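Undergrad: Structure file protein.tsv, TSV, C-alpha atoms, is pasted below:
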```
chain	number	residue	atom	x	y	z
A	1	MET	CA	-6.15	11.52	20.07
A	2	ALA	CA	-3.17	9.33	19.22
A	3	GLN	CA	-5.14	7.90	16.27
A	4	LEU	CA	-5.80	11.36	14.89
A	5	TYR	CA	-2.26	12.53	15.66
A	6	VAL	CA	-0.70	10.11	13.13
A	7	VAL	CA	-3.07	10.97	10.25
A	8	GLN	CA	-4.24	14.19	8.65
A	9	SER	CA	-7.93	13.39	9.05
A	10	ALA	CA	-10.17	10.38	9.57
A	11	ASP	CA	-13.86	9.68	9.91
A	12	PHE	CA	-15.90	8.14	12.70
A	13	THR	CA	-15.97	4.62	11.18
A	14	PHE	CA	-12.20	4.52	10.80
A	15	LEU	CA	-11.64	5.60	14.41
A	16	LEU	CA	-14.21	3.07	15.57
A	17	HIS	CA	-12.27	0.20	13.97
A	18	GLN	CA	-8.87	1.48	15.05
A	19	THR	CA	-9.76	2.10	18.68
A	20	GLY	CA	-12.12	-0.85	19.18
A	21	MET	CA	-14.48	1.42	21.16
A	22	THR	CA	-18.26	1.29	21.01
A	23	PRO	CA	-19.95	4.00	18.88
A	24	GLY	CA	-21.50	5.64	21.94
A	25	ASN	CA	-18.23	5.69	23.85
A	26	LEU	CA	-16.24	7.09	20.92
A	27	SER	CA	-18.92	9.67	20.25
A	28	ALA	CA	-18.75	10.86	23.86
A	29	HIS	CA	-14.94	11.09	23.70
A	30	LEU	CA	-15.05	13.06	20.45
A	31	SER	CA	-17.67	15.45	21.77
A	32	LYS	CA	-15.48	16.27	24.77
A	33	LEU	CA	-12.43	16.72	22.56
A	34	GLU	CA	-14.42	18.97	20.22
A	35	ASP	CA	-15.69	21.06	23.14
A	36	ALA	CA	-12.10	21.47	24.35
A	37	GLY	CA	-11.11	22.66	20.88
A	38	TYR	CA	-8.78	19.69	20.31
A	39	VAL	CA	-10.74	18.12	17.45
A	40	GLU	CA	-12.31	19.83	14.47
A	41	VAL	CA	-15.37	18.27	12.85
A	42	THR	CA	-15.82	19.01	9.14
A	43	LYS	CA	-18.99	18.10	7.29
A	44	GLU	CA	-18.39	17.49	3.60
A	45	PHE	CA	-19.64	15.47	0.64
A	46	LEU	CA	-17.77	12.42	-0.68
A	47	ASP	CA	-19.25	10.80	-3.79
A	48	ARG	CA	-22.39	12.88	-3.20
A	49	LYS	CA	-22.80	11.36	0.27
A	50	PRO	CA	-22.54	13.34	3.50
A	51	HIS	CA	-19.30	12.63	5.30
A	52	THR	CA	-17.87	13.77	8.63
A	53	ALA	CA	-14.10	14.24	8.78
A	54	LEU	CA	-12.30	14.61	12.10
A	55	THR	CA	-9.03	16.50	12.37
A	56	LEU	CA	-6.79	17.26	15.31
A	57	THR	CA	-6.49	21.04	15.70
A	58	LYS	CA	-3.20	22.87	16.36
A	59	LYS	CA	-4.29	23.22	19.97
A	60	GLY	CA	-5.05	19.48	20.08
A	61	ARG	CA	-1.64	18.59	18.63
A	62	ALA	CA	0.13	20.82	21.11
A	63	ALA	CA	-1.88	19.32	23.99
A	64	PHE	CA	-1.09	15.77	22.86
A	65	LYS	CA	2.63	16.60	22.55
A	66	GLU	CA	2.56	18.02	26.06
A	67	TYR	CA	0.76	14.90	27.32
A	68	ARG	CA	3.39	12.65	25.74
A	69	LYS	CA	6.17	14.71	27.28
A	70	LYS	CA	4.60	14.46	30.73
A	71	VAL	CA	4.00	10.71	30.45
A	72	LYS	CA	7.63	10.26	29.37
A	73	GLN	CA	8.90	12.28	32.32
A	74	PHE	CA	6.64	10.35	34.68
A	75	VAL	CA	7.80	6.97	33.38
A	76	GLU	CA	11.47	8.03	33.60
A	77	LYS	CA	11.04	8.98	37.25
A	78	LEU	CA	9.63	5.57	38.17
A	79	PRO	CA	12.01	3.31	40.11
A	80	GLU	CA	13.46	0.30	38.26
B	1	MET	CA	-0.73	1.40	33.83
B	2	THR	CA	0.01	4.65	32.04
B	3	LYS	CA	2.46	4.30	29.18
B	4	GLU	CA	3.67	6.46	26.35
B	5	PRO	CA	1.59	5.81	23.18
B	6	ASN	CA	3.61	4.10	20.46
B	7	LEU	CA	2.80	6.42	17.57
B	8	LYS	CA	4.81	4.48	15.00
B	9	GLU	CA	2.83	1.33	15.83
B	10	ILE	CA	-0.49	3.21	15.69
B	11	GLU	CA	0.48	4.73	12.34
B	12	ARG	CA	1.58	1.32	11.03
B	13	ARG	CA	-1.69	-0.31	12.13
B	14	ALA	CA	-3.76	2.46	10.55
B	15	TYR	CA	-1.84	2.16	7.28
B	16	MET	CA	-1.99	-1.64	7.25
B	17	SER	CA	-5.74	-1.77	7.86
B	18	TYR	CA	-6.13	0.28	4.71
B	19	HIS	CA	-4.21	-2.29	2.61
B	20	GLN	CA	-5.58	-5.53	4.07
B	21	ASP	CA	-8.44	-5.59	1.57
B	22	GLY	CA	-6.44	-7.54	-1.04
B	23	LEU	CA	-7.21	-5.03	-3.81
B	24	LEU	CA	-3.54	-4.17	-4.18
B	25	ASP	CA	-2.74	-7.86	-4.66
B	26	ILE	CA	-5.58	-8.43	-7.14
B	27	PHE	CA	-4.49	-5.55	-9.35
B	28	ALA	CA	-0.77	-6.30	-8.99
B	29	GLY	CA	-1.55	-9.91	-9.99
B	30	LEU	CA	-3.58	-8.67	-12.94
B	31	TYR	CA	-0.67	-6.47	-13.98
B	32	ILE	CA	1.82	-9.38	-13.87
B	33	LEU	CA	-0.70	-11.59	-15.68
B	34	GLY	CA	-1.13	-8.94	-18.38
B	35	PHE	CA	2.62	-8.74	-18.82
B	36	GLY	CA	2.78	-12.52	-19.33
B	37	ILE	CA	-0.16	-12.52	-21.76
B	38	GLY	CA	1.50	-9.62	-23.64
B	39	ILE	CA	4.68	-11.67	-24.14
B	40	LEU	CA	2.66	-14.66	-25.37
B	41	MET	CA	0.75	-12.39	-27.79
B	42	ASP	CA	4.11	-11.08	-29.01
B	43	ILE	CA	5.06	-14.60	-30.05
B	44	LEU	CA	1.70	-15.25	-31.73
B	45	TRP	CA	1.34	-11.96	-33.64
B	46	GLU	CA	4.87	-10.52	-33.50
B	47	PHE	CA	3.72	-7.15	-32.29
B	48	GLY	CA	4.99	-5.22	-29.26
B	49	PHE	CA	2.22	-6.39	-26.92
B	50	GLY	CA	4.78	-7.28	-24.25
B	51	VAL	CA	5.72	-3.60	-24.01
B	52	ILE	CA	2.24	-2.14	-24.61
B	53	MET	CA	0.20	-4.45	-22.33
B	54	PRO	CA	1.60	-3.28	-18.95
B	55	SER	CA	0.92	0.36	-19.88
B	56	VAL	CA	-2.60	-0.45	-21.12
B	57	ILE	CA	-3.35	-2.40	-17.96
B	58	LEU	CA	-1.97	0.37	-15.74
B	59	VAL	CA	-4.13	2.99	-17.45
B	60	THR	CA	-7.30	0.86	-17.31
B	61	VAL	CA	-6.76	-0.75	-13.91
B	62	LEU	CA	-5.81	2.36	-11.91
B	63	PRO	CA	-9.27	4.03	-12.14
B	64	ILE	CA	-10.92	0.65	-11.34
B	65	TRP	CA	-8.63	0.25	-8.30
B	66	ILE	CA	-9.55	3.72	-7.02
B	67	ALA	CA	-13.27	3.02	-7.59
B	68	ALA	CA	-12.99	-0.37	-5.84
B	69	LYS	CA	-11.29	1.30	-2.86
B	70	ARG	CA	-14.19	3.75	-2.64
B	71	LYS	CA	-16.90	1.11	-3.03
B	72	ILE	CA	-15.42	-1.77	-1.01
B	73	THR	CA	-12.80	-0.50	1.43
B	74	LEU	CA	-13.92	2.95	2.55
B	75	PRO	CA	-17.53	2.06	3.50
B	76	ARG	CA	-16.16	-0.78	5.63
B	77	ILE	CA	-13.18	0.62	7.47
B	78	GLY	CA	-13.93	4.29	7.06
B	79	TYR	CA	-12.17	7.18	5.41
B	80	VAL	CA	-8.69	8.26	6.35
B	81	ASN	CA	-6.31	10.83	4.92
B	82	PHE	CA	-2.71	9.94	5.72
B	83	GLY	CA	-1.50	13.36	4.64
B	84	ILE	CA	1.40	14.40	2.45
B	85	ARG	CA	4.09	12.58	4.46
B	86	GLY	CA	2.78	9.06	3.77
B	87	ALA	CA	2.00	9.77	0.12
B	88	ASN	CA	5.36	11.44	-0.46
B	89	LYS	CA	7.26	8.37	0.70
B	90	LEU	CA	5.45	6.11	-1.77
B	91	ILE	CA	5.69	8.62	-4.63
B	92	ALA	CA	9.44	8.99	-3.97
B	93	ILE	CA	9.92	5.20	-4.17
B	94	PHE	CA	7.75	4.95	-7.29
B	95	VAL	CA	9.55	7.81	-9.07
B	96	GLY	CA	12.92	6.40	-7.94
B	97	LEU	CA	12.06	3.00	-9.40
B	98	MET	CA	10.81	4.57	-12.66
B	99	VAL	CA	14.03	6.58	-13.02
B	100	ALA	CA	16.17	3.54	-12.17
B	101	GLY	CA	14.20	1.38	-14.62
B	102	LEU	CA	14.40	3.92	-17.43
B	103	GLY	CA	18.10	4.53	-16.70
B	104	ALA	CA	18.84	0.80	-16.85
B	105	PHE	CA	16.79	0.53	-20.07
B	106	PHE	CA	18.72	3.36	-21.77
B	107	VAL	CA	22.12	2.10	-20.60
B	108	PHE	CA	21.20	-1.38	-21.79
B	109	THR	CA	19.87	-0.19	-25.17
B	110	PHE	CA	22.90	2.08	-25.65
B	111	ALA	CA	25.27	-0.79	-24.86
B	112	VAL	CA	23.48	-3.17	-27.26
B	113	PHE	CA	23.71	-0.77	-30.23
B	114	GLN	CA	27.15	0.64	-29.33
B	115	GLY	CA	29.17	-2.48	-29.98
B	116	GLY	CA	32.35	-2.98	-27.95
B	117	PRO	CA	32.76	-5.66	-25.29
B	118	ARG	CA	29.61	-7.75	-25.03
B	119	GLU	CA	30.61	-10.23	-22.31
B	120	TRP	CA	28.57	-8.54	-19.59
B	121	LEU	CA	25.60	-8.11	-21.93
B	122	ASP	CA	25.72	-11.79	-22.82
B	123	PHE	CA	25.92	-12.61	-19.14
B	124	ILE	CA	22.76	-10.54	-18.46
B	125	PHE	CA	20.92	-12.10	-21.42
B	126	GLN	CA	21.87	-15.61	-20.35
B	127	ASN	CA	20.81	-15.04	-16.73
B	128	GLY	CA	17.96	-12.61	-17.40
B	129	MET	CA	15.42	-14.43	-15.26
B	130	ILE	CA	17.72	-14.39	-12.23
B	131	PHE	CA	18.22	-10.64	-12.65
B	132	VAL	CA	14.45	-10.13	-12.95
B	133	GLY	CA	14.01	-12.27	-9.83
B	134	VAL	CA	16.52	-10.22	-7.82
B	135	GLY	CA	14.93	-7.01	-9.12
B	136	SER	CA	11.45	-8.27	-8.13
B	137	LEU	CA	12.69	-9.12	-4.65
B	138	ALA	CA	14.24	-5.66	-4.28
B	139	VAL	CA	11.03	-3.91	-5.44
B	140	CYS	CA	8.86	-6.06	-3.14
B	141	VAL	CA	11.15	-5.45	-0.14
B	142	LEU	CA	11.18	-1.70	-0.84
B	143	PHE	CA	7.40	-1.40	-1.08
B	144	GLY	CA	6.83	-3.98	1.69
B	145	TYR	CA	9.03	-2.02	4.08
B	146	SER	CA	7.61	1.40	3.24
B	147	MET	CA	3.98	0.22	3.34
B	148	GLY	CA	4.42	-2.11	6.31
B	149	LEU	CA	3.05	-5.05	4.31
B	150	LYS	CA	5.04	-8.15	5.20
B	151	ARG	CA	3.32	-10.30	2.57
B	152	LEU	CA	5.19	-8.33	-0.11
B	153	TYR	CA	8.44	-9.86	1.22
B	154	ALA	CA	6.90	-13.30	0.66
B	155	TYR	CA	5.88	-12.35	-2.90
B	156	GLY	CA	9.44	-11.18	-3.60
B	157	LEU	CA	10.96	-14.38	-2.26
B	158	ILE	CA	8.48	-16.57	-4.17
B	159	ALA	CA	9.13	-14.62	-7.40
B	160	LEU	CA	12.89	-15.00	-6.98
B	161	THR	CA	12.58	-18.72	-6.20
B	162	ILE	CA	10.28	-19.45	-9.16
B	163	LEU	CA	12.41	-17.40	-11.56
B	164	VAL	CA	15.65	-19.08	-10.45
B	165	ILE	CA	14.03	-22.53	-10.74
B	166	GLY	CA	12.55	-21.48	-14.11
B	167	HIS	CA	16.00	-20.35	-15.29
B	168	PHE	CA	17.64	-23.68	-14.47
B	169	MET	CA	14.73	-25.79	-15.74
B	170	GLY	CA	14.35	-23.74	-18.92
B	171	ILE	CA	10.73	-22.72	-18.29
B	172	PHE	CA	9.50	-19.97	-20.59
B	173	PHE	CA	9.45	-16.52	-18.87
B	174	ALA	CA	5.83	-15.76	-19.85
B	175	TYR	CA	4.56	-18.97	-18.17
B	176	ILE	CA	6.33	-17.97	-14.95
B	177	LEU	CA	4.70	-14.53	-15.11
B	178	LEU	CA	1.28	-16.16	-15.65
B	179	ALA	CA	1.83	-18.44	-12.63
B	180	LEU	CA	3.03	-15.55	-10.45
B	181	GLY	CA	0.17	-13.29	-11.57
B	182	ILE	CA	-2.45	-15.96	-10.82
B	183	MET	CA	-0.86	-16.69	-7.42
B	184	VAL	CA	-0.85	-13.02	-6.39
B	185	MET	CA	-4.42	-12.55	-7.67
B	186	VAL	CA	-5.73	-15.62	-5.82
B	187	THR	CA	-4.06	-14.36	-2.62
B	188	GLY	CA	-5.71	-10.99	-3.21
B	189	PHE	CA	-9.16	-12.55	-3.63
B	190	ALA	CA	-8.66	-14.64	-0.46
B	191	LEU	CA	-7.70	-11.45	1.42
B	192	LEU	CA	-10.69	-9.61	-0.04
B	193	ILE	CA	-13.10	-12.35	1.09
B	194	GLY	CA	-11.54	-12.27	4.57
B	195	PHE	CA	-11.73	-8.46	4.64
B	196	VAL	CA	-15.41	-8.39	3.60
B	197	LYS	CA	-16.23	-10.99	6.28
B	198	LYS	CA	-14.22	-9.15	8.94
B	199	TYR	CA	-15.73	-5.77	8.14
B	200	PRO	CA	-19.33	-6.32	7.03
B	201	LEU	CA	-21.22	-3.33	5.70
B	202	LYS	CA	-23.27	-1.67	8.40
B	203	GLY	CA	-26.38	0.42	7.79
B	204	ASP	CA	-26.22	4.15	8.27
B	205	LYS	CA	-28.19	3.79	11.49
B	206	ALA	CA	-25.81	1.24	12.96
B	207	ILE	CA	-23.07	3.78	13.38
B	208	ALA	CA	-24.24	6.86	15.15
B	209	GLU	CA	-22.22	9.75	13.76
```
Would it be possible to restate this file's structure as structure tokens?
TA:
Amino acid sequence: MAQLYVVQSADFTFLLHQTGMTPGNLSAHLSKLEDAGYVEVTKEFLDRKPHTALTLTKKGRAAFKEYRKKVKQFVEKLPE
Amino acid sequence: MTKEPNLKEIERRAYMSYHQDGLLDIFAGLYILGFGIGILMDILWEFGFGVIMPSVILVTVLPIWIAAKRKITLPRIGYVNFGIRGANKLIAIFVGLMVAGLGAFFVFTFAVFQGGPREWLDFIFQNGMIFVGVGSLAVCVLFGYSMGLKRLYAYGLIALTILVIGHFMGIFFAYILLALGIMVMVTGFALLIGFVKKYPLKGDKAIAE
């Protein structure tokens, strides 16, 4: 989600290289995120070739912000 | 251990991966090379090639650069849209540099034809290569910082060094541009070879979408 948070949209290949995950693993992650309504999958044509763009939805962005906030709070509460 | 994701670092890595293909270097090198060739053609045929060449190269090279990105880079590392924020930063720098360049050009031209005290103009003419070197360093640092490409700092420093040496050794400006252009282009080709080896093209079936 962090990878999609910093860009407007990206495709599967880009996320694969950036995350270093295996295709199957990434695919499973994206399916779960899509089911939760956090990621939107758009099918389009680029240079007359089918292309799948992935975008973080508003709900996904809000959820990721909330996650960051919670992690920050958790880390701050940890003893030195 | 759970830790807060470093978004700036993730964004930087995503942006850098997009510019590690060497295409930027190849076309920037070609541009510098064209500038140098234009100046040499000026001397041979006494026509404004030095002024025309960079514009001609920009117009012809830009579509090729975009096509090369689509054919070489995107199939290998995938497609990414950085959004308006990333593009705006680069456009702002580019427009800023254009305005600054044009402003300097008009002030300079006005001063040359206006008469009056010429000491500072003579000083600029006599040390032109040093000024170009400092300007090159500034442009490289600006783009290097905004794009997260550290090699642009190196290009800026090399350009400044060569131009200062060229100034004191009396080397013709066009030869320095040719040398710089070739150096940047060769670096670009080396990066491109490395990029193609690092990200080989995979068949459609290899990546299950």
Undergrad: Given only C-alpha atoms, how would the per-residue table for chain B near chain A read, listing every residue at most 6 Å away with its closest atom pair and distance in Å to one decimal, sorted by chain and number, as a tab-separated table?
TA:
```
residue	atom	partner	partner_atom	distance
B:Glu4	CA	A:Val71	CA	5.9
B:Glu11	CA	A:Val6	CA	5.6
B:Ile77	CA	A:Phe14	CA	5.2
B:Gly78	CA	A:Phe14	CA	4.1
B:Tyr79	CA	A:Asp11	CA	5.4
B:Val80	CA	A:Ala10	CA	4.1
B:Asn81	CA	A:Ser9	CA	5.1
B:Phe82	CA	A:Val7	CA	4.7
B:Gly83	CA	A:Gln8	CA	4.9
```
Undergrad: Only C-alpha atoms, please: the residues just picked out, written as a PDB file, in the coordinates of the input.
TA:
```pdb
ATOM      1  CA  GLU B   4       3.670   6.460  26.350  1.00  0.00           C
ATOM      2  CA  GLU B  11       0.480   4.730  12.340  1.00  0.00           C
ATOM      3  CA  ILE B  77     -13.180   0.620   7.470  1.00  0.00           C
ATOM      4  CA  GLY B  78     -13.930   4.290   7.060  1.00  0.00           C
ATOM      5  CA  TYR B  79     -12.170   7.180   5.410  1.00  0.00           C
ATOM      6  CA  VAL B  80      -8.690   8.260   6.350  1.00  0.00           C
ATOM      7  CA  ASN B  81      -6.310  10.830   4.920  1.00  0.00           C
ATOM      8  CA  PHE B  82      -2.710   9.940   5.720  1.00  0.00           C
ATOM      9  CA  GLY B  83      -1.500  13.360   4.640  1.00  0.00           C
TER      10      GLY B  83
END
```
Undergrad: Work out how far atom CA of B:Trp65 is from atom CA of B:Leu160, in Å to one decimal.
TA: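 Going from atom CA of B:Leu160 over to atom CA of B:Trp65 covers 26.4 Å.
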Undergrad: Check the smallest atom-to-atom distance from each of B:Lys150, B:Arg118, B:Lys8, B:Arg70 to A:Lys49 using all atoms listed in the file, then report the winner.
TA: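 Using all atoms listed in the file, the shortest distance to A:Lys49 belongs to B:Arg70.
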Undergrad: What is the atom CA of B:Ala92-atom CA of B:Gly148 distance in Å, reported with one decimal?
TA: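 Answer for the atom CA of B:Ala92 to atom CA of B:Gly148 separation: 15.9 Å.
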Undergrad: Take atom CA of B:Leu152 and atom CA of B:Phe123 and report the distance between them in Å, one decimal.
TA: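 Distance reported for this atom pair: 28.5 Å.
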Undergrad: Rank B:Ile64, B:Ile10, B:Ala138, B:Ala174 by their smallest atom-to-atom distance to B:Phe35, using all atoms listed in the file, and report the top residue only.
TA: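 Selected residue with least distance to B:Phe35: B:Ala174.
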Undergrad: Compare B:Leu157, B:Leu7, B:Leu33, B:Leu44 by their minimum atom-to-atom distance to B:Ile176, counting only C-alpha atoms, and give me the closest one.
TA: B:Leu33
Undergrad: Looking at A:Ala28, A:Gly37, A:Met1, A:Pro79, which one is nearest to A:Lys58, with distances taken over all atoms listed in the file?
TA: A:Gly37
Undergrad: Can you tell me, as a VMD selection string, which residues sit within 9 Å of (-8.7, -10.5, -6.8) in the file's frame, using all atoms listed in the file?
TA: chain B and resid 22 to 27 29 to 30 184 to 192
Undergrad: Might you pull out every residue within 6 Å of stretch 127-132 of chain B, with all atoms listed in the file counted and same-chain residues fewer than 4 positions away left off, and present them as a ChimeraX atom specification?
TA: /B:136,163-164,167
Undergrad: Enclose the full set of atoms of stretch 27-42 of chain B listed in the file within a box whose edges lie along x, y and z, apply 5 Å of padding to each of the six sides, and report centre and edge lengths in Å to one decimal as lines of an AutoDock Vina configuration file.
TA:
```
center_x = 0.1
center_y = -10.1
center_z = -19.0
size_x = 19.2
size_y = 19.1
size_z = 30.0
```
